[in-house]
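Trainee: So here's upload21.txt (compact mmCIF, C-alpha atoms).
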# COMPACT_ATOMS: atom_id res chain seq x y z
CA MET J 1 102.53 101.78 65.01
CA SER J 2 104.29 98.65 66.24
CA ALA J 3 107.20 100.63 67.65
CA GLU J 4 105.62 101.10 71.07
CA PRO J 5 105.02 97.44 71.99
CA ALA J 6 108.50 96.57 70.75
CA ASN J 7 110.01 99.22 73.04
CA ARG J 8 107.96 97.93 75.91
CA ASP J 9 109.20 94.38 75.30
CA GLU J 10 112.76 95.59 75.22
CA GLY J 11 112.14 97.34 78.52
CA ILE J 12 111.00 94.06 80.08
CA LEU J 13 113.93 92.14 78.66
CA GLN J 14 116.26 94.76 80.07
CA GLN J 15 114.59 94.46 83.48
CA LEU J 16 114.95 90.69 83.35
CA GLN J 17 118.66 91.03 82.75
CA SER J 18 119.10 93.22 85.81
CA PRO J 19 120.18 91.03 88.76
CA ALA J 20 118.90 93.60 91.26
CA PHE J 21 115.41 93.54 89.73
CA LEU J 22 115.32 89.74 89.73
CA ILE J 23 116.60 89.35 93.27
CA ASP J 24 114.05 91.87 94.49
CA LEU J 25 111.21 90.22 92.59
CA ARG J 26 112.20 86.78 93.80
CA GLN J 27 112.30 87.98 97.43
CA GLN J 28 108.81 89.44 97.18
CA MET J 29 107.47 86.28 95.56
CA LEU J 30 109.12 84.09 98.21
CA LYS J 31 107.67 86.14 101.04
CA PHE J 32 104.19 85.88 99.54
CA ALA J 33 104.52 82.14 98.92
CA ILE J 34 105.95 81.32 102.38
CA LEU J 35 102.99 82.97 104.09
CA GLN J 36 100.59 80.96 101.95
CA LEU J 37 102.29 77.58 102.13
CA SER J 38 104.02 77.82 105.54
CA SER J 39 106.91 75.84 104.13
CA PHE J 40 110.11 77.37 102.83
CA GLN J 41 110.82 74.38 100.58
CA LEU J 42 107.37 74.38 98.96
CA ALA J 43 107.49 78.16 98.61
CA GLU J 44 110.86 78.04 96.88
CA ASP J 45 109.61 75.38 94.48
CA ALA J 46 106.50 77.43 93.67
CA VAL J 47 108.56 80.58 93.00
CA GLN J 48 111.05 78.66 90.87
CA GLU J 49 108.27 77.09 88.82
CA ALA J 50 106.45 80.40 88.42
CA LEU J 51 109.60 82.17 87.20
CA ALA J 52 110.47 79.32 84.83
CA SER J 53 106.95 79.37 83.45
CA ALA J 54 107.10 83.16 83.04
CA TYR J 55 110.34 82.88 81.01
CA GLN J 56 108.88 80.09 78.90
CA HIS J 57 105.77 82.08 78.08
CA ILE J 58 107.31 85.53 77.89
CA ASP J 59 105.84 85.86 74.37
CA SER J 60 102.31 85.71 75.76
CA PHE J 61 103.01 88.65 78.10
CA THR J 62 101.15 91.46 76.37
CA GLY J 63 102.54 94.36 78.34
CA ARG J 64 99.05 95.46 79.32
CA ALA J 65 99.65 94.47 82.91
CA ALA J 66 102.79 95.31 84.85
CA PHE J 67 105.32 92.52 84.54
CA LYS J 68 105.22 91.92 88.29
CA THR J 69 101.43 91.59 88.27
CA TRP J 70 101.71 89.02 85.53
CA VAL J 71 104.38 86.95 87.31
CA PHE J 72 102.42 87.08 90.57
CA ALA J 73 99.30 85.83 88.75
CA ILE J 74 101.35 82.82 87.61
CA LEU J 75 102.68 82.32 91.15
CA LYS J 76 99.18 82.52 92.59
CA ASN J 77 98.07 79.67 90.32
CA LYS J 78 101.07 77.55 91.35
CA ILE J 79 100.24 78.15 95.02
CA ILE J 80 96.58 77.20 94.51
CA ASP J 81 97.72 73.96 92.83
CA LEU J 82 100.03 73.17 95.74
CA ILE J 83 97.37 73.97 98.35
CA ARG J 84 94.91 71.71 96.54
CA GLN J 85 97.48 68.91 96.55
CA LYS J 86 98.14 69.23 100.27
CA SER J 87 95.41 67.42 102.12
CA ARG J 88 95.54 69.57 105.25
CA LEU J 89 97.49 72.68 106.05
CA MET J 90 97.31 72.77 109.82
CA THR J 91 95.38 71.29 112.68
CA MET J 92 92.54 72.75 114.70
CA SER J 93 94.65 73.06 117.84
CA GLU J 94 97.27 74.99 115.89
CA LEU J 95 94.59 77.34 114.65
CA PHE J 96 92.93 77.98 117.95
CA ASN J 97 95.80 77.82 120.39
CA ASP J 98 95.85 81.58 120.52
CA GLU J 99 93.92 83.05 123.41
CA GLU J 100 95.73 86.35 123.18
CA SER J 101 93.98 87.31 119.94
CA GLU J 102 90.54 86.60 121.42
CA LEU J 103 91.40 88.94 124.27
CA SER J 104 92.49 91.74 122.02
CA ILE J 105 89.12 91.73 120.25
CA ASP J 106 87.34 91.81 123.60
CA ALA J 107 89.40 94.81 124.59
CA LEU J 108 87.82 96.85 121.79
CA PHE J 109 84.33 96.62 123.30
CA ASP J 110 82.92 97.44 126.71
CA ALA J 111 81.02 94.98 128.90
CA SER J 112 77.75 95.73 127.11
CA GLY J 113 79.31 94.97 123.70
CA HIS J 114 79.64 98.54 122.45
CA TRP J 115 82.79 100.22 121.13
CA HIS J 116 85.11 101.68 123.72
CA LYS J 117 85.35 105.41 123.17
CA TYR J 118 88.96 105.35 121.93
CA GLU J 119 88.63 102.15 119.91
CA ALA J 120 85.68 103.22 117.74
CA PRO J 121 86.60 103.28 114.02
CA GLN J 122 87.62 106.67 112.63
CA ALA J 123 86.80 107.94 109.14
CA TRP J 124 89.17 106.67 106.42
CA PRO J 125 90.09 108.28 103.12
CA SER J 126 88.84 106.54 99.96
CA PRO J 127 90.69 103.38 98.81
CA GLU J 128 92.02 105.36 95.82
CA GLU J 129 93.49 107.99 98.10
CA MET J 130 94.99 105.30 100.32
CA LEU J 131 96.68 103.62 97.37
CA GLU J 132 98.20 106.92 96.28
CA GLN J 133 100.31 106.96 99.43
CA GLN J 134 103.78 105.66 98.62
CA ASP J 135 104.25 103.73 101.83
CA PHE J 136 100.74 102.30 101.99
CA TRP J 137 101.77 98.75 101.04
CA ILE J 138 104.71 98.78 103.44
CA ILE J 139 102.32 99.51 106.32
CA PHE J 140 99.75 97.03 105.02
CA ASN J 141 102.45 94.38 104.81
CA ALA J 142 103.69 95.22 108.30
CA CYS J 143 100.16 94.93 109.73
CA LEU J 144 99.63 91.60 107.97
CA ASN J 145 102.92 90.31 109.39
CA HIS J 146 101.82 91.56 112.78
CA LEU J 147 98.88 89.11 112.79
CA PRO J 148 99.59 85.69 114.30
CA ALA J 149 100.85 83.61 111.34
CA LYS J 150 97.80 81.34 111.29
CA TYR J 151 95.41 84.28 111.07
CA ALA J 152 97.47 85.84 108.29
CA GLN J 153 97.37 82.57 106.40
CA VAL J 154 93.57 82.19 106.63
CA PHE J 155 93.10 85.86 105.71
CA MET J 156 95.36 85.53 102.68
CA LEU J 157 93.76 82.28 101.50
CA ARG J 158 90.39 84.00 101.54
CA GLU J 159 91.18 87.56 100.42
CA MET J 160 94.30 87.23 98.27
CA ILE J 161 94.27 83.71 96.87
CA GLU J 162 90.47 84.06 96.78
CA LEU J 163 89.60 80.50 97.73
CA SER J 164 85.95 79.95 98.66
CA SER J 165 84.96 79.51 102.33
CA ASP J 166 84.07 75.87 101.66
CA GLU J 167 87.44 75.17 100.08
CA ILE J 168 89.35 76.73 102.99
CA CYS J 169 87.28 74.77 105.54
CA GLU J 170 88.00 71.55 103.69
CA LYS J 171 91.74 72.24 103.46
CA LEU J 172 92.07 73.26 107.09
CA GLY J 173 89.60 70.77 108.51
CA ILE J 174 87.59 73.48 110.26
CA THR J 175 83.90 74.36 110.34
CA VAL J 176 82.40 77.42 108.68
CA THR J 177 81.77 78.82 112.18
CA ASN J 178 85.49 78.51 112.97
CA LEU J 179 86.39 80.20 109.70
CA ASN J 180 83.96 83.04 110.36
CA VAL J 181 85.54 83.68 113.75
CA LEU J 182 89.08 83.56 112.32
CA MET J 183 88.15 85.97 109.53
CA TYR J 184 86.38 88.31 111.95
CA ARG J 185 89.42 88.51 114.23
CA SER J 186 91.83 88.89 111.31
CA ARG J 187 89.84 91.69 109.70
CA THR J 188 89.26 93.46 113.00
CA ARG J 189 92.93 93.36 113.95
CA LEU J 190 94.12 94.35 110.50
CA ARG J 191 91.66 97.24 110.43
CA GLU J 192 92.79 98.43 113.82
CA CYS J 193 96.49 98.13 112.94
CA LEU J 194 96.10 100.12 109.71
CA GLU J 195 94.17 102.83 111.49
CA ASN J 196 96.66 103.12 114.34
CA LYS J 197 99.86 102.79 112.37
CA TRP J 198 99.07 104.85 109.34
CA LEU J 199 95.79 106.65 109.06
CA LEU J 200 95.78 108.38 112.42
CA LYS J 201 99.33 109.58 111.86
CA GLU J 202 98.04 111.55 108.87
CA ASP J 203 95.61 113.41 111.08
CA CYS J 204 98.10 114.49 113.68
CA SER J 205 98.58 117.95 112.21
CA CYS J 206 95.10 119.04 113.29
CA MET P 1 77.23 83.52 114.24
CA VAL P 2 73.56 82.66 114.62
CA ILE P 3 71.34 85.21 116.28
CA GLU P 4 68.08 83.56 117.23
CA GLY P 5 64.75 85.14 117.98
CA GLY P 6 63.07 88.06 116.30
CA LEU P 7 64.03 91.66 115.81
CA LEU P 8 66.54 92.84 118.35
CA MET P 9 69.06 95.58 118.87
CA LEU P 10 72.50 94.11 118.20
CA THR P 11 75.55 95.13 120.17
CA CYS P 12 78.47 96.60 118.21
CA ARG P 13 80.36 93.39 118.77
CA GLN P 14 77.56 91.32 117.16
CA ALA P 15 77.10 93.85 114.37
CA THR P 16 80.80 93.88 113.46
CA GLN P 17 80.87 90.09 113.35
CA LEU P 18 77.92 90.10 110.92
CA LEU P 19 79.65 92.81 108.86
CA SER P 20 82.65 90.51 108.53
CA GLU P 21 80.55 87.41 107.81
CA ARG P 22 78.57 89.06 105.07
CA LEU P 23 81.80 89.17 103.04
CA ASP P 24 81.98 85.36 103.25
CA ARG P 25 78.33 84.27 103.13
CA PRO P 26 74.88 85.69 102.38
CA LEU P 27 73.23 86.82 105.62
CA LEU P 28 69.84 85.45 106.65
CA PHE P 29 66.94 87.84 106.27
CA LEU P 30 66.63 88.42 110.00
CA GLU P 31 70.38 88.96 110.41
CA GLN P 32 70.25 91.46 107.57
CA THR P 33 67.30 93.31 109.12
CA ASN P 34 68.83 93.47 112.59
CA LEU P 35 72.13 94.64 111.12
CA GLN P 36 70.48 97.42 109.10
CA ILE P 37 68.63 98.67 112.18
CA HIS P 38 71.88 98.75 114.15
CA LEU P 39 73.73 100.54 111.33
CA LEU P 40 71.07 103.24 111.15
CA ALA P 41 71.91 104.19 114.70
CA CYS P 42 75.67 103.49 114.79
CA ARG P 43 78.23 105.48 112.84
CA SER P 44 81.19 103.49 114.17
CA CYS P 45 79.81 100.22 112.84
CA ARG P 46 78.92 101.84 109.49
CA ARG P 47 82.59 102.80 109.25
CA TYR P 48 83.72 99.32 110.28
CA GLY P 49 81.55 97.79 107.54
CA LYS P 50 82.95 100.07 104.88
CA GLN P 51 86.51 99.55 106.06
CA VAL P 52 86.48 95.73 106.10
CA LYS P 53 85.10 95.85 102.56
CA THR P 54 87.97 98.19 101.64
CA LEU P 55 90.42 95.73 103.23
CA SER P 56 89.04 93.00 101.02
CA GLN P 57 89.38 95.14 97.86
CA LEU P 58 92.90 96.25 98.76
CA SER P 59 93.99 92.67 99.50
CA LYS P 60 93.24 91.71 95.94
CA GLU P 61 95.67 94.40 94.83
CA PHE P 62 98.26 93.43 97.40
CA LYS P 63 100.31 91.15 95.19
CA ASN P 64 100.97 94.09 92.86
CA PHE P 65 102.56 96.14 95.58
CA ASP P 66 105.77 97.88 94.77
CA GLU P 67 107.37 98.62 98.13
CA GLY P 68 107.51 102.28 97.17
CA LYS P 69 109.87 101.84 94.25
Translate this structure into C-alpha cells?

Mentor:
Amino acid sequence: MSAEPANRDEGILQQLQSPAFLIDLRQQMLKFAILQLSSFQLAEDAVQEALASAYQHIDSFTGRAAFKTWVFAILKNKIIDLIRQKSRLMTMSELFNDEESELSIDALFDASGHWHKYEAPQAWPSPEEMLEQQDFWIIFNACLNHLPAKYAQVFMLREMIELSSDEICEKLGITVTNLNVLMYRSRTRLRECLENKWLLKEDCSC
Amino acid sequence: MVIEGGLLMLTCRQATQLLSERLDRPLLFLEQTNLQIHLLACRSCRRYGKQVKTLSQLSKEFKNFDEGK
C-alpha cells in the first residue's frame, strides 16, 4: 500500500534534479515576487528563502498538492512577511499619477453613466470551463501585466496574497476610498482585457 | 463610494463600482437595495457582478498556473 506515495516522492526528487524544471519554477516564482514587492533584490531573496525552506522541509510535503502549489504557498508566506516588514510600499502620488486609466474606465460608459453598446459585458463560460483552456493562464497573466504596475500590485495584494483592505491601506498609506477606486479600475480593466483578448475570440466562429 | 439619499436608480457606472466594492466590504442596506433594483433591470451589470467574482476566485488559483505545460 505504501508503494504509491514512495513513487510519488521519487517523482518529485527526480523533478528537483532536473535543471530545466528548477529554472522554470524559479522564473515563475521570481515574476510573481517582483510584482508583489516591486524590488528585484527583495524578490530574489524571497524566492531563495522559499526554495531553501522547501528543500529543508521536503519531508513534510505530502504529495496531496502539486509540488508547485506547495512551493508557491511557502513563497506567499515569505512575501507577506516582507510586506509586513516594509513600512510603506509606495506613495500616494505614485499610485494616482495615472490619469490614463481613469479615462479608460470613463470610455466604457456613455454620458448618462450607462454601458456603451459595444462595451457591455458579454456572457462568459463557467470558471471551470475557463480553467480547462490550456492557454487561459497565459492570457490572464498577459492581462495582469497589461495593467499599470501599481494597479497590478494592489490587485495582487488583495486577490492573490489575500491581505485585508485595512492591511493594504495601512501599508500603502491610502484611504479605503482610494483602495476601492483602485480595485474597481483594476477589476474593470482586467475583466475587459480577458473578454477582448480571449473570450470573444472563442465566439468568432458564429 | 457613498450614495446618499433614499431609493434611486443607479447608473451602470455606480452599480459596477458597488459590485466591485462588495467584494472588499459589506454594503450598507440602502446601497444593497439600490444595487438589487438596478440588477433586476440590467443584464450587463448582472454579468459584470458575476465576472468580477469569478476574477477573484481565479486569482486565488493563479499561483498554481502551469503556463500550458

Trainee: Go through P:Cys45, P:Leu58, P:Leu28, P:Leu40 and flag the residue nearest Ala15 (chain P), using all atoms listed in the file for the distances.

Mentor: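 Distance minimum relative to Ala15 (chain P) lands on P:Cys45.
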
Trainee: What lies within 12 Å of Gln27 (chain J) using only C-alpha atoms, ignoring chain neighbours under 3 positions off, as number ranges by chain?

Mentor: J: 20-24, 30-34, 43-44, 47-48; P: 67

Trainee: Any idea what the distance is between CA of Arg25 (chain P) and CA of Glu162 (chain J)?

Mentor: 13.7 Å

Trainee: Got a sec: who's within 12 Å of Glu61 (chain P), counting only C-alpha atoms, leaving out chain neighbours fewer than 6 positions off, as a list in words?

Mentor: Lys68, Thr69, Phe72, Ala73, Pro127, Glu128, Leu131, Phe136, Trp137, Phe140, Met156, Glu159, Met160, Ile161 and Glu162 of chain J; Thr54 and Leu55 of chain P

Trainee: Skip Ser44 (chain P) itself and residues of its chain fewer than 6 positions away, then list as a PDB file with C-alpha atoms, in the coordinates of the input all residues within 8 Å of it, counting only C-alpha atoms.

Mentor:
ATOM      1  CA  TRP J 115      82.790 100.220 121.130  1.00  0.00           C
ATOM      2  CA  ALA J 120      85.680 103.220 117.740  1.00  0.00           C
ATOM      3  CA  PRO J 121      86.600 103.280 114.020  1.00  0.00           C
ATOM      4  CA  GLN J 122      87.620 106.670 112.630  1.00  0.00           C
TER       5      GLN J 122
END

Trainee: Please put the answer as JSON: centre and edge lengths, in Å with one decimal, of a box along x, y and z that encloses all listed atoms of region 49-55 of chain P plus 8 Å on each side.

Mentor:
{"center_x": 86.0, "center_y": 97.9, "center_z": 104.6, "size_x": 24.9, "size_y": 20.3, "size_z": 21.9}
